[in-house]
Amino acid sequence: AQTVTQSQPEMSVQEAETVTLSCTYDTSENNYYLFWYKQPPSRQMILVIRQEAYKQQNATENRFSVNFQKAAKSFSLKISDSQLGDTAMYFCAFRPSSNYKLTFGKGTLLTVNP
Amino acid sequence: EAGVVQSPRYKIIEKKQPVAFWCNPISGHNTLYWYLQNLGQGPELLIRYENEEAVDDSQLPKDRFSAERLKGVDSTLKIQPAELGDSAVYLCASSARTTGDRNEQFFGPGTRLTVL
């Protein structure tokens with residue numbers, strides 16, 4: 001069974017600064033995907049970024065980038081130039097390539113302060 | 001393109017009453033998921049449908065929960081009777097059934113259930 005651990009229940013950052021959210025996972029799978037989802041107060045879960053485990057290059061999406069360390073089973077999210085609209089719960093998630101099942105962490109509540 | 005639609009957004013009921021949630025997935029998405037999200041937790045899968053077939057319902061408490069997707073499009077999740085511990089957000093998601101395995105799940109806004 002897979003587990004996903006987010007060790008930071010809450011974080012805060014000043015607007016325009018950079019923040020990093022941590023995620024570790026445990027799996028015996030070799031092929032899988034990792035995701036960061038954002039859930040604003042409206043509750044619509046939105047995919048922020050994905051990483052394929054077979055790719056060594058870290059994924060980037062505009063202000064969002066990841067640091068994927070496969071051997072350490074670590075998958076952190078860096079948000080640059082934080083904006084007020086980034087305030088949300090952020091969930092790290094894992095999915096084996098062989099099936100559809102997403103396993104989520106407990107989430108990190110990020111607050112961006114003006 | 002319309003996203004995943006869920007209704008109602010909020011529901012308050014008394015314990016032992018029945019309740020139903022409705023979901024309409026993104027057009028063309030054959031795979032539909034129902035998740036339970038307790039306060040302060042990540043979503044947990046309850047059931048997954050491929051078209052009208054429930055292919056994974058191992059986490060669905062079948063004594064009180066039921067789901068259907070009769071025509072392989074929209075779906076209903078029912079609880080009867082509801083218990084206090086069922087208070088949570090119920091999320092619906094859908095994904096396109098493709099041969100590739102980069103199968104992103106798109107989530108609806110959820111239904112927040114409060115059982116009194």
# chains A, B, ... in the order shown; residues from 1 in each chain; ligands from 1
call {"tool": "interface_residues", "arguments": {"of": "chain B", "to": "chain A", "cutoff": "8 Å", "atoms": "only C-alpha atoms", "output": "VMD selection string"}}
result
chain B and resid 40 to 45 101 103 106 to 110
call {"tool": "select_by_dssp", "arguments": {"residues": "chain A", "states": "strand (DSSP E)", "output": "PyMOL selection string"}}
result
chain A and resi 3-5+10-14+19-21+24-26+32-39+46-52+60-61+64-69+74-79+88-96+103-104+108-113
call {"tool": "residues_around", "arguments": {"residues": "A:Ala72", "least_positions_apart": "2", "cutoff": "10 Å", "atoms": "only C-alpha atoms", "output": "ChimeraX atom specification"}}
result
/A:24-26,68-70,74-75
call {"tool": "write_last_selection", "arguments": {"atoms": "N, CA and C atoms", "output": "compact mmCIF listing (two decimals), in the first residue's frame"}}
result
# COMPACT_ATOMS: atom_id res chain seq x y z
N THR A 24 6.55 13.51 1.36
CA THR A 24 7.27 12.26 1.18
C THR A 24 6.26 11.16 0.96
N TYR A 25 6.69 10.09 0.34
CA TYR A 25 5.78 9.00 0.04
C TYR A 25 6.51 7.68 0.20
N ASP A 26 5.73 6.64 0.30
CA ASP A 26 6.30 5.31 0.44
C ASP A 26 5.58 4.39 -0.53
N PHE A 68 11.87 16.70 -7.21
CA PHE A 68 11.56 15.29 -7.13
C PHE A 68 12.84 14.52 -6.88
N GLN A 69 12.91 13.86 -5.74
CA GLN A 69 14.05 13.04 -5.37
C GLN A 69 13.56 11.60 -5.23
N LYS A 70 13.71 10.82 -6.30
CA LYS A 70 13.11 9.49 -6.33
C LYS A 70 13.71 8.56 -5.28
N SER A 74 10.90 11.78 -2.13
CA SER A 74 10.54 13.13 -1.71
C SER A 74 10.03 13.91 -2.91
N PHE A 75 9.02 14.74 -2.69
CA PHE A 75 8.38 15.46 -3.79
C PHE A 75 7.88 16.79 -3.26
call {"tool": "residues_around", "arguments": {"residues": "B:Glu68", "least_positions_apart": "3", "cutoff": "10 Å", "atoms": "only C-alpha atoms", "output": "ChimeraX atom specification"}}
result
/B:22,49,52-54,71-72,74-78
call {"tool": "residues_around", "arguments": {"residues": "A:Thr27", "least_positions_apart": "5", "cutoff": "8 Å", "atoms": "only C-alpha atoms", "output": "mmCIF file with C-alpha atoms, in the first residue's frame"}}
result
data_model
loop_
_atom_site.group_PDB
_atom_site.id
_atom_site.type_symbol
_atom_site.label_atom_id
_atom_site.label_comp_id
_atom_site.auth_asym_id
_atom_site.auth_seq_id
_atom_site.Cartn_x
_atom_site.Cartn_y
_atom_site.Cartn_z
ATOM 1 C CA ALA A 1 0.000 0.000 0.000
ATOM 2 C CA GLN A 2 1.098 3.529 -0.702
ATOM 3 C CA THR A 3 1.323 6.274 1.877
#
call {"tool": "residues_around", "arguments": {"residues": "B:Arg64", "least_positions_apart": "5", "cutoff": "12 Å", "atoms": "only C-alpha atoms", "output": "VMD selection string"}}
result
chain B and resid 16 to 20 77 to 83 86
call {"tool": "write_last_selection", "arguments": {"atoms": "all heavy atoms", "output": "short mmCIF file (atom, residue, chain, number, x, y, z; two decimals), in the first residue's frame"}}
result
data_model
loop_
_atom_site.label_atom_id
_atom_site.label_comp_id
_atom_site.auth_asym_id
_atom_site.auth_seq_id
_atom_site.Cartn_x
_atom_site.Cartn_y
_atom_site.Cartn_z
N LYS B 16 -30.21 9.56 10.84
CA LYS B 16 -31.16 8.52 10.45
C LYS B 16 -31.97 8.88 9.21
O LYS B 16 -32.73 8.03 8.72
CB LYS B 16 -32.10 8.13 11.60
CG LYS B 16 -31.39 7.60 12.82
CD LYS B 16 -32.36 7.11 13.88
CE LYS B 16 -31.61 6.62 15.11
NZ LYS B 16 -32.53 6.15 16.17
N GLN B 17 -31.80 10.11 8.72
CA GLN B 17 -32.49 10.49 7.49
C GLN B 17 -31.66 10.04 6.28
O GLN B 17 -30.45 9.86 6.36
CB GLN B 17 -32.69 12.01 7.43
CG GLN B 17 -33.64 12.52 8.49
CD GLN B 17 -35.01 11.91 8.37
OE1 GLN B 17 -35.65 11.97 7.31
NE2 GLN B 17 -35.50 11.30 9.45
N PRO B 18 -32.31 9.84 5.14
CA PRO B 18 -31.58 9.53 3.92
C PRO B 18 -31.10 10.82 3.24
O PRO B 18 -31.66 11.89 3.46
CB PRO B 18 -32.63 8.83 3.05
CG PRO B 18 -33.92 9.45 3.49
CD PRO B 18 -33.77 9.75 4.96
N VAL B 19 -30.07 10.67 2.42
CA VAL B 19 -29.55 11.81 1.67
C VAL B 19 -28.96 11.29 0.36
O VAL B 19 -28.48 10.15 0.30
CB VAL B 19 -28.50 12.60 2.49
CG1 VAL B 19 -27.27 11.75 2.77
CG2 VAL B 19 -28.14 13.91 1.81
N ALA B 20 -29.02 12.12 -0.65
CA ALA B 20 -28.47 11.73 -1.95
C ALA B 20 -27.69 12.89 -2.55
O ALA B 20 -28.08 14.05 -2.41
CB ALA B 20 -29.59 11.30 -2.90
N LEU B 77 -24.92 9.20 -5.37
CA LEU B 77 -24.43 8.53 -4.16
C LEU B 77 -25.46 8.75 -3.06
O LEU B 77 -25.91 9.87 -2.84
CB LEU B 77 -23.08 9.13 -3.75
CG LEU B 77 -22.45 8.58 -2.47
CD1 LEU B 77 -22.01 7.14 -2.67
CD2 LEU B 77 -21.26 9.45 -2.04
N LYS B 78 -25.84 7.66 -2.41
CA LYS B 78 -26.89 7.74 -1.40
C LYS B 78 -26.38 7.21 -0.06
O LYS B 78 -25.59 6.26 -0.02
CB LYS B 78 -28.12 6.94 -1.83
CG LYS B 78 -28.78 7.44 -3.11
CD LYS B 78 -29.96 6.56 -3.50
CE LYS B 78 -30.58 7.04 -4.80
NZ LYS B 78 -31.71 6.17 -5.23
N ILE B 79 -26.88 7.82 1.00
CA ILE B 79 -26.62 7.33 2.35
C ILE B 79 -27.97 7.14 3.03
O ILE B 79 -28.81 8.04 3.04
CB ILE B 79 -25.78 8.32 3.19
CG1 ILE B 79 -24.52 8.74 2.44
CG2 ILE B 79 -25.41 7.68 4.52
CD1 ILE B 79 -23.72 9.81 3.16
N GLN B 80 -28.18 5.94 3.55
CA GLN B 80 -29.43 5.66 4.25
C GLN B 80 -29.24 4.55 5.26
O GLN B 80 -28.95 3.41 4.85
CB GLN B 80 -30.54 5.29 3.25
CG GLN B 80 -31.89 5.05 3.89
CD GLN B 80 -33.01 4.89 2.87
OE1 GLN B 80 -32.77 4.76 1.68
NE2 GLN B 80 -34.24 4.89 3.33
N PRO B 81 -29.39 4.83 6.55
CA PRO B 81 -29.62 6.13 7.15
C PRO B 81 -28.30 6.85 7.45
O PRO B 81 -27.27 6.20 7.67
CB PRO B 81 -30.32 5.76 8.45
CG PRO B 81 -29.68 4.44 8.82
CD PRO B 81 -29.40 3.75 7.52
N ALA B 82 -28.34 8.16 7.48
CA ALA B 82 -27.13 8.92 7.77
C ALA B 82 -26.80 8.89 9.26
O ALA B 82 -27.71 8.84 10.11
CB ALA B 82 -27.30 10.38 7.31
N GLU B 83 -25.51 8.89 9.56
CA GLU B 83 -25.02 8.93 10.94
C GLU B 83 -24.21 10.20 11.14
O GLU B 83 -23.76 10.83 10.19
CB GLU B 83 -24.17 7.69 11.23
CG GLU B 83 -24.92 6.38 11.12
CD GLU B 83 -24.05 5.16 11.39
OE1 GLU B 83 -22.81 5.34 11.51
OE2 GLU B 83 -24.61 4.06 11.47
N ASP B 86 -20.98 10.72 9.34
CA ASP B 86 -20.98 10.90 7.88
C ASP B 86 -20.78 12.36 7.48
O ASP B 86 -20.65 12.66 6.29
CB ASP B 86 -22.29 10.39 7.28
CG ASP B 86 -22.49 8.90 7.48
OD1 ASP B 86 -21.47 8.17 7.56
OD2 ASP B 86 -23.66 8.46 7.57
#
call {"tool": "closest_residue", "arguments": {"among": "B:Pro8, B:Leu116, B:Ala67, B:Gly3", "to": "B:Ile26", "atoms": "only C-alpha atoms"}}
result
B:Gly3
call {"tool": "closest_residue", "arguments": {"among": "A:Val66, A:Ile79, A:Phe94, A:Glu61", "to": "A:Ser12", "atoms": "only C-alpha atoms"}}
result
A:Ile79
call {"tool": "atom_distance", "arguments": {"atom1": "atom CA of A:Ser82", "atom2": "atom CA of A:Glu17"}}
result
5.5 Å
call {"tool": "atom_distance", "arguments": {"atom1": "atom CA of B:Ile47", "atom2": "atom CA of A:Asn30"}}
result
25.3 Å
call {"tool": "residues_around", "arguments": {"residues": "B:Glu104", "least_positions_apart": "4", "cutoff": "9 Å", "atoms": "only C-alpha atoms", "output": "number ranges by chain"}}
result
A: 47; B: 94-96
